[in-house]
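Shown next: upload-v4.cif, given as mmCIF, C-alpha atoms and all ligand atoms.
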data_input
loop_
_atom_site.label_atom_id
_atom_site.label_comp_id
_atom_site.auth_asym_id
_atom_site.auth_seq_id
_atom_site.Cartn_x
_atom_site.Cartn_y
_atom_site.Cartn_z
CA MET Y 1 -23.39 -7.99 -19.29
CA SER Y 2 -23.19 -11.14 -17.23
CA SER Y 3 -21.61 -14.47 -18.01
CA VAL Y 4 -20.43 -17.65 -16.34
CA LEU Y 5 -17.48 -19.92 -16.88
CA SER Y 6 -18.23 -22.79 -19.20
CA GLY Y 7 -17.41 -26.47 -19.21
CA ARG Y 8 -15.52 -28.04 -16.36
CA ASN Y 9 -15.21 -24.70 -14.59
CA ARG Y 10 -18.91 -24.16 -14.68
CA LYS Y 11 -19.29 -24.27 -10.92
CA VAL Y 12 -16.93 -21.32 -10.68
CA GLN Y 13 -19.23 -18.44 -11.40
CA GLN Y 14 -17.89 -15.06 -12.25
CA THR Y 15 -19.53 -12.00 -13.64
CA HIS Y 16 -17.62 -10.11 -16.27
CA GLU Y 17 -18.12 -6.69 -17.67
CA SER Y 18 -15.61 -5.65 -20.25
CA GLY Y 19 -14.97 -2.30 -21.82
CA ALA Y 20 -12.56 0.56 -22.19
CA ALA Y 21 -12.87 1.21 -18.47
CA GLY Y 22 -11.52 -2.26 -17.70
CA LEU Y 23 -12.88 -5.59 -16.63
CA SER Y 24 -15.01 -6.33 -13.57
CA ILE Y 25 -14.98 -9.81 -12.10
CA ILE Y 26 -16.98 -10.99 -9.11
CA THR Y 27 -15.80 -13.96 -7.08
CA ARG Y 28 -18.06 -15.61 -4.54
CA SER Y 29 -15.58 -17.66 -2.51
CA PRO Y 30 -11.87 -17.72 -1.68
CA GLU Y 31 -11.54 -20.66 -4.10
CA GLU Y 32 -12.95 -18.58 -6.96
CA THR Y 33 -10.42 -15.87 -6.20
CA PHE Y 34 -7.66 -18.49 -6.23
CA THR Y 35 -8.94 -19.73 -9.61
CA LEU Y 36 -8.87 -16.19 -10.96
CA GLY Y 37 -5.25 -15.99 -9.84
CA VAL Y 38 -4.46 -19.29 -11.58
CA ALA Y 39 -5.81 -17.89 -14.85
CA ILE Y 40 -3.61 -14.82 -14.49
CA GLY Y 41 -0.51 -16.78 -13.50
CA SER Y 42 -0.97 -19.23 -16.37
CA ALA Y 43 -1.16 -16.45 -18.93
CA ALA Y 44 1.41 -14.07 -17.43
CA ALA Y 45 4.34 -13.01 -19.58
CA PRO Y 46 7.80 -11.99 -18.32
CA GLY Y 47 7.74 -8.51 -16.84
CA THR Y 48 4.09 -8.53 -15.79
CA VAL Y 49 3.48 -6.23 -12.81
CA LEU Y 50 0.19 -6.75 -10.98
CA CYS Y 51 -0.75 -3.99 -8.55
CA LEU Y 52 -3.28 -5.08 -5.94
CA PHE Y 53 -5.38 -2.48 -4.16
CA GLY Y 54 -7.85 -3.39 -1.44
CA ASP Y 55 -8.51 -3.45 2.28
CA LEU Y 56 -7.18 -6.02 4.72
CA GLY Y 57 -9.00 -9.28 4.00
CA SER Y 58 -10.03 -8.33 0.48
CA GLY Y 59 -8.15 -11.29 -0.98
CA LYS Y 60 -4.83 -9.92 -2.25
CA THR Y 61 -2.86 -12.79 -0.77
CA LYS Y 62 -5.44 -15.38 -1.83
CA LEU Y 63 -5.24 -14.10 -5.40
CA THR Y 64 -1.43 -14.20 -5.27
CA GLN Y 65 -1.55 -17.83 -4.10
CA GLY Y 66 -3.52 -18.59 -7.26
CA ILE Y 67 -1.04 -16.64 -9.39
CA ALA Y 68 1.75 -18.75 -7.89
CA SER Y 69 -0.14 -21.92 -8.73
CA GLY Y 70 -0.73 -20.70 -12.29
CA LEU Y 71 3.00 -20.08 -12.59
CA SER Y 72 3.66 -23.67 -11.42
CA VAL Y 73 5.36 -22.63 -8.21
CA PRO Y 74 5.77 -25.98 -6.39
CA ASP Y 75 3.12 -26.65 -3.71
CA ALA Y 76 5.91 -27.07 -1.16
CA TYR Y 77 6.17 -23.27 -1.11
CA ALA Y 78 3.48 -21.81 1.12
CA VAL Y 79 2.69 -18.41 -0.34
CA THR Y 80 2.02 -15.97 2.49
CA SER Y 81 2.46 -12.23 2.76
CA PRO Y 82 6.10 -11.33 3.29
CA THR Y 83 6.40 -10.36 6.94
CA PHE Y 84 9.96 -9.44 7.86
CA THR Y 85 11.18 -8.82 4.34
CA TYR Y 86 9.05 -6.91 1.93
CA VAL Y 87 9.46 -9.39 -0.90
CA ASN Y 88 9.22 -13.18 -1.20
CA GLU Y 89 10.58 -14.84 -4.32
CA TYR Y 90 9.19 -18.12 -5.61
CA PRO Y 91 10.55 -20.23 -8.48
CA GLY Y 92 8.03 -21.18 -11.16
CA ARG Y 93 7.57 -21.15 -14.93
CA LEU Y 94 8.64 -17.56 -14.37
CA PRO Y 95 9.89 -16.33 -11.01
CA LEU Y 96 7.18 -14.76 -8.85
CA TYR Y 97 8.11 -11.74 -6.75
CA HIS Y 98 5.44 -11.26 -4.08
CA ILE Y 99 5.76 -7.82 -2.56
CA ASP Y 100 3.76 -6.44 0.38
CA LEU Y 101 4.10 -2.71 1.02
CA TYR Y 102 1.92 -2.64 4.13
CA ARG Y 103 4.84 -1.77 6.38
CA ILE Y 104 6.72 0.78 4.35
CA ALA Y 105 6.68 4.26 5.87
CA SER Y 106 7.11 6.22 2.66
CA PRO Y 107 7.48 5.45 -1.05
CA GLU Y 108 11.09 6.67 -0.99
CA GLU Y 109 12.01 3.64 1.13
CA LEU Y 110 11.46 1.50 -1.94
CA LEU Y 111 14.55 2.83 -3.64
CA ASP Y 112 16.75 1.22 -0.95
CA LEU Y 113 14.88 -2.06 -1.21
CA GLY Y 114 15.66 -2.88 -4.82
CA TRP Y 115 12.21 -1.86 -6.03
CA GLU Y 116 13.32 -0.69 -9.44
CA GLU Y 117 15.12 -3.97 -10.14
CA TYR Y 118 11.96 -5.93 -9.36
CA MET Y 119 9.87 -3.69 -11.57
CA GLU Y 120 12.26 -4.34 -14.45
CA ALA Y 121 12.78 -8.05 -13.77
CA ASP Y 122 11.73 -10.72 -16.24
CA GLY Y 123 9.48 -12.42 -13.75
CA VAL Y 124 5.96 -11.72 -12.53
CA VAL Y 125 5.48 -9.20 -9.73
CA ALA Y 126 2.43 -9.08 -7.46
CA VAL Y 127 2.30 -6.03 -5.20
CA GLU Y 128 -0.05 -5.88 -2.21
CA TRP Y 129 -0.90 -2.37 -0.92
CA ALA Y 130 0.36 -1.01 -4.22
CA GLU Y 131 -1.01 2.47 -3.41
CA ARG Y 132 1.84 2.82 -0.92
CA ALA Y 133 4.33 2.95 -3.79
CA GLY Y 134 2.96 6.35 -4.77
CA ASP Y 135 4.58 7.55 -7.97
CA TYR Y 136 6.99 4.62 -8.14
CA LEU Y 137 4.53 2.25 -9.77
CA PRO Y 138 5.72 1.43 -13.29
CA GLU Y 139 3.75 2.82 -16.18
CA ARG Y 140 3.15 -0.57 -17.78
CA ARG Y 141 1.14 -2.63 -15.31
CA ILE Y 142 -2.15 -4.27 -14.43
CA ASP Y 143 -4.16 -2.66 -11.64
CA MET Y 144 -6.60 -4.79 -9.68
CA ALA Y 145 -8.82 -2.85 -7.29
CA ILE Y 146 -10.61 -5.24 -4.95
CA THR Y 147 -13.82 -4.38 -3.12
CA ILE Y 148 -15.36 -6.47 -0.37
CA THR Y 149 -18.98 -6.61 -1.53
CA ASP Y 150 -20.20 -9.27 0.92
CA THR Y 151 -18.78 -11.76 3.44
CA ASP Y 152 -17.64 -14.17 0.73
CA GLU Y 153 -17.92 -11.90 -2.29
CA ARG Y 154 -15.22 -9.73 -3.84
CA ARG Y 155 -15.32 -7.44 -6.87
CA PHE Y 156 -12.11 -7.12 -8.89
CA HIS Y 157 -11.88 -4.11 -11.14
CA ILE Y 158 -9.02 -4.70 -13.52
CA THR Y 159 -7.40 -2.10 -15.73
CA PHE Y 160 -4.53 -2.64 -18.13
CA THR Y 161 -1.86 -0.11 -18.98
CA GLY Y 162 0.18 -1.24 -21.96
CA LYS Y 163 -0.16 -4.55 -23.77
CA HIS Y 164 -1.20 -7.61 -21.75
CA ALA Y 165 -2.94 -9.55 -24.50
CA ALA Y 166 -2.60 -13.05 -23.04
CA ILE Y 167 -3.96 -12.16 -19.62
CA GLU Y 168 -6.78 -10.08 -21.08
CA ALA Y 169 -7.69 -12.94 -23.41
CA ALA Y 170 -7.48 -15.51 -20.62
CA LEU Y 171 -9.85 -13.57 -18.41
CA VAL Y 172 -12.38 -13.04 -21.16
CA SER Y 173 -12.11 -16.35 -23.03
CA ARG Y 174 -12.75 -18.40 -19.94
CA THR Y 175 -16.31 -17.13 -20.00
CA HIS Y 176 -19.23 -17.25 -22.33
CA VAL Y 177 -22.04 -14.77 -22.50
CA ARG Y 178 -25.44 -16.07 -21.51
P1 LIG Y 201 -5.51 -9.63 1.98
O1 LIG Y 201 -4.19 -10.19 1.53
O2 LIG Y 201 -6.15 -8.70 1.00
O3 LIG Y 201 -5.43 -9.01 3.36
P2 LIG Y 201 -6.28 -12.41 2.25
O4 LIG Y 201 -6.19 -13.03 0.91
O5 LIG Y 201 -5.15 -12.68 3.19
O6 LIG Y 201 -6.55 -10.83 2.10
O7 LIG Y 201 -7.59 -12.85 2.98
C1 LIG Y 201 -8.86 -12.82 2.40
C2 LIG Y 201 -9.83 -13.38 3.41
O8 LIG Y 201 -11.15 -13.25 2.94
C3 LIG Y 201 -9.59 -14.86 3.66
O9 LIG Y 201 -9.83 -15.13 5.02
C4 LIG Y 201 -10.63 -15.52 2.78
O10 LIG Y 201 -11.03 -16.77 3.27
C5 LIG Y 201 -11.77 -14.52 2.86
N1 LIG Y 201 -12.64 -14.51 1.67
C6 LIG Y 201 -13.98 -14.66 1.67
N2 LIG Y 201 -14.49 -14.58 0.45
C7 LIG Y 201 -13.45 -14.36 -0.39
C8 LIG Y 201 -13.35 -14.19 -1.79
N3 LIG Y 201 -14.42 -14.19 -2.62
N4 LIG Y 201 -12.12 -13.99 -2.30
C9 LIG Y 201 -11.04 -13.95 -1.48
N5 LIG Y 201 -11.06 -14.10 -0.14
C10 LIG Y 201 -12.27 -14.32 0.40
MG MG Y 202 -2.21 -9.97 2.28
#

Can the structure from this file be put into structure tokens for me?
Ligand code: ADP
Ligand code: MG
Amino acid sequence: MSSVLSGRNRKVQQTHESGAAGLSIITRSPEETFTLGVAIGSAAAPGTVLCLFGDLGSGKTKLTQGIASGLSVPDAYAVTSPTFTYVNEYPGRLPLYHIDLYRIASPEELLDLGWEEYMEADGVVAVEWAERAGDYLPERRIDMAITITDTDERRFHITFTGKHAAIEAALVSRTHVR
């Protein structure tokens, strides 16, 4: 099933396939990925944990920049992957905790880094390289597996564990079926 965004977002084309297995969304530019992030950030409820899986350059940080914008994090904050710390915190409608696990050596390291507090916080958490958390990922979360399908094209396969009604609705309702 294929559909495009309607109305003023018409130029942002995304393909959606929805079902028990999750939701697939194709973006065809960095800007479309940012816009996808905005939709998620706008709809996110306290305690939302977004786990991002995908190779270097797949768009995890670009998506997180959109999430920050959707959470009304002021533009003065440049959202980049945390480099020397493993988490950056940004103030917004809800606080955004942007975590990058690229540099952790083993999942056990997380326990010394306050991981469990972030997972239980009332903000929104976006985790790059989430696979590196091993068994420490919380049960209730949204997984986004990103595949580089072409130079400027990315496929997001999104699965929801637990209730995330607003985000699910936002991703689906922004489209209409052709
Ligand atoms: P990651 O954090 O996964 O390493 P980044 O978000 O930092 O990835 O970088 C993604 C790179 O891919 C950027 O250089 C961006 O311009 C490029 N790009 C090309 N097409 C897309 C797309 N559809 N979505 C996201 N990024 C894209
Ligand atoms: Mg990154």

_Could you list the protein, DNA and RNA residues that have any atom within 7 Å of ligand LIG 201 (chain Y), counting only C-alpha atoms and all ligand atoms, and write them as a PyMOL selection string?_
chain Y and resi 27-33+54-63+151-154

*For Ala44 (chain Y): contacts at 10 Å, only C-alpha atoms, fewer than 4 positions along chain excluded, given as number ranges by chain*: Y: 38-40, 48-50, 67, 70-71, 93-94, 123-125, 164-168, 170

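The nearest approach to Glu117 (chain Y) among the residues Y:Pro138, Y:Ala145, Y:Gln65, Y:Asp150, with all atoms listed in the file taken into account, belongs to Y:Pro138.
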
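Across Y:Leu23, Y:Ala68, Y:Leu101, Y:Leu171, the tightest approach to ligand MG 202 (chain Y) is made by Y:Leu101 when counting all atoms listed in the file.
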
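Ranking Y:Glu139, Y:Asp100, Y:Glu120, Y:Asp75 by their shortest atom-to-atom distance to ligand MG 202 (chain Y), with all atoms listed in the file included, puts Y:Asp100 first.
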
*Leu137 (chain Y): which residues within 10 Å, counting all atoms listed in the file, same-chain residues fewer than 2 positions away excluded, as a ChimeraX atom specification?*
/Y:49,51,107,115-116,119,127,130-135,139-141

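Distances from Y:Ala169, Y:Asp122, Y:Ile25, Y:Asn88 to Ala45 (chain Y) were compared using only C-alpha atoms, and the smallest one belongs to Y:Asp122.
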
*May I ask which of the residues Y:Tyr118, Y:Leu52, Y:Ala78, Y:Ala43 is the closest one to Asp143 (chain Y), counting all atoms listed in the file?*
Y:Leu52

*asked:* When you look at Thr83 (chain Y) with a cut-off of 10 Å (counting all atoms listed in the file), what residues show up, excluding the ones that are within fewer than 2 positions of it in the same chain? I need them as a ChimeraX atom specification.
replied: /Y:80-81,85-88,99-103

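Among the candidates Y:Phe34, Y:Tyr90, Y:Tyr136, Y:Trp129, the one nearest to ligand MG 202 (chain Y) when counting all atoms listed in the file is Y:Trp129.
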
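Here CA of Phe53 (chain Y) stands at a distance of 16.3 Å from CA of Pro82 (chain Y).
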
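Relative to CA of Leu96 (chain Y), CA of Leu113 (chain Y) is found at 16.7 Å.
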
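For Arg155 (chain Y), the list of residues within 7 Å, based on only C-alpha atoms and with local chain neighbours fewer than 4 positions off taken out, reads Y:Ser24, Y:Ile25, Y:Ile26, Y:Thr27, Y:Ile146, Y:Thr147, Y:Ile148, Y:Thr149.
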
So that all listed atoms of region 145-148 of chain Y fit with 3 Å spare on each side, what axis-aligned box centre and edge lengths in Å, to one decimal, would you give as JSON?
{"center_x": -12.1, "center_y": -4.7, "center_z": -3.8, "size_x": 12.5, "size_y": 9.6, "size_z": 12.9}

*Point-to-point distance from CA of Phe160 (chain Y) to CA of Val172 (chain Y), Å rounded to tenths*: 13.4 Å

Kindly output region 94-105 of chain Y as a compact mmCIF listing (two decimals), in the frame of the given file, after building all heavy atoms.
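Resulting contents of out_19.txt:
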# COMPACT_ATOMS: atom_id res chain seq x y z
N LEU Y 94 7.91 -18.82 -14.47
CA LEU Y 94 8.64 -17.56 -14.37
C LEU Y 94 8.76 -17.31 -12.87
O LEU Y 94 7.90 -17.73 -12.12
CB LEU Y 94 7.84 -16.40 -14.99
CG LEU Y 94 7.46 -16.51 -16.47
CD1 LEU Y 94 6.43 -15.45 -16.84
CD2 LEU Y 94 8.72 -16.37 -17.32
N PRO Y 95 9.82 -16.62 -12.44
CA PRO Y 95 9.89 -16.33 -11.01
C PRO Y 95 8.75 -15.40 -10.59
O PRO Y 95 8.36 -14.51 -11.34
CB PRO Y 95 11.25 -15.65 -10.82
CG PRO Y 95 11.73 -15.29 -12.18
CD PRO Y 95 11.00 -16.14 -13.18
N LEU Y 96 8.21 -15.64 -9.41
CA LEU Y 96 7.18 -14.76 -8.85
C LEU Y 96 7.80 -13.94 -7.72
O LEU Y 96 8.41 -14.50 -6.80
CB LEU Y 96 6.01 -15.59 -8.30
CG LEU Y 96 4.94 -14.81 -7.51
CD1 LEU Y 96 4.24 -13.77 -8.39
CD2 LEU Y 96 3.92 -15.76 -6.88
N TYR Y 97 7.67 -12.63 -7.82
CA TYR Y 97 8.11 -11.74 -6.75
C TYR Y 97 6.85 -11.21 -6.07
O TYR Y 97 6.07 -10.47 -6.67
CB TYR Y 97 8.94 -10.57 -7.32
CG TYR Y 97 10.12 -11.05 -8.13
CD1 TYR Y 97 10.09 -11.02 -9.53
CD2 TYR Y 97 11.26 -11.55 -7.50
CE1 TYR Y 97 11.18 -11.48 -10.28
CE2 TYR Y 97 12.34 -12.00 -8.23
CZ TYR Y 97 12.30 -11.97 -9.62
OH TYR Y 97 13.37 -12.42 -10.35
N HIS Y 98 6.64 -11.64 -4.84
CA HIS Y 98 5.44 -11.26 -4.08
C HIS Y 98 5.84 -10.17 -3.09
O HIS Y 98 6.59 -10.42 -2.15
CB HIS Y 98 4.90 -12.50 -3.36
CG HIS Y 98 3.67 -12.24 -2.56
ND1 HIS Y 98 3.23 -13.10 -1.58
CD2 HIS Y 98 2.76 -11.23 -2.61
CE1 HIS Y 98 2.11 -12.62 -1.05
NE2 HIS Y 98 1.81 -11.49 -1.65
N ILE Y 99 5.37 -8.99 -3.34
CA ILE Y 99 5.76 -7.82 -2.56
C ILE Y 99 4.57 -7.34 -1.73
O ILE Y 99 3.44 -7.31 -2.21
CB ILE Y 99 6.25 -6.68 -3.50
CG1 ILE Y 99 7.50 -7.15 -4.27
CG2 ILE Y 99 6.52 -5.40 -2.73
CD1 ILE Y 99 8.04 -6.12 -5.27
N ASP Y 100 4.82 -7.00 -0.47
CA ASP Y 100 3.76 -6.44 0.38
C ASP Y 100 4.28 -5.12 0.95
O ASP Y 100 5.28 -5.11 1.68
CB ASP Y 100 3.42 -7.42 1.50
CG ASP Y 100 2.16 -7.01 2.25
OD1 ASP Y 100 1.97 -5.78 2.46
OD2 ASP Y 100 1.36 -7.89 2.63
N LEU Y 101 3.62 -4.04 0.61
CA LEU Y 101 4.10 -2.71 1.02
C LEU Y 101 3.43 -2.20 2.28
O LEU Y 101 3.59 -1.03 2.64
CB LEU Y 101 3.88 -1.70 -0.14
CG LEU Y 101 4.58 -2.05 -1.46
CD1 LEU Y 101 4.34 -0.94 -2.48
CD2 LEU Y 101 6.07 -2.27 -1.24
N TYR Y 102 2.69 -3.08 2.97
CA TYR Y 102 1.92 -2.64 4.13
C TYR Y 102 2.78 -1.88 5.15
O TYR Y 102 2.34 -0.91 5.74
CB TYR Y 102 1.28 -3.85 4.82
CG TYR Y 102 0.31 -3.46 5.91
CD1 TYR Y 102 -0.89 -2.82 5.59
CD2 TYR Y 102 0.58 -3.73 7.25
CE1 TYR Y 102 -1.78 -2.45 6.57
CE2 TYR Y 102 -0.31 -3.37 8.23
CZ TYR Y 102 -1.50 -2.73 7.90
OH TYR Y 102 -2.37 -2.37 8.87
N ARG Y 103 4.02 -2.34 5.31
CA ARG Y 103 4.84 -1.77 6.38
C ARG Y 103 5.77 -0.65 5.96
O ARG Y 103 6.50 -0.13 6.79
CB ARG Y 103 5.65 -2.88 7.04
CG ARG Y 103 4.79 -3.75 7.92
CD ARG Y 103 5.53 -4.99 8.39
NE ARG Y 103 4.58 -5.94 8.95
CZ ARG Y 103 3.81 -6.74 8.22
NH1 ARG Y 103 3.91 -6.73 6.91
NH2 ARG Y 103 2.94 -7.55 8.80
N ILE Y 104 5.78 -0.29 4.70
CA ILE Y 104 6.72 0.78 4.35
C ILE Y 104 6.18 2.13 4.85
O ILE Y 104 4.97 2.37 4.88
CB ILE Y 104 7.06 0.87 2.84
CG1 ILE Y 104 5.86 1.29 2.00
CG2 ILE Y 104 7.69 -0.43 2.34
CD1 ILE Y 104 6.28 1.84 0.65
N ALA Y 105 7.09 2.98 5.28
CA ALA Y 105 6.68 4.26 5.87
C ALA Y 105 6.49 5.32 4.79
O ALA Y 105 5.63 6.20 4.93
CB ALA Y 105 7.72 4.71 6.89
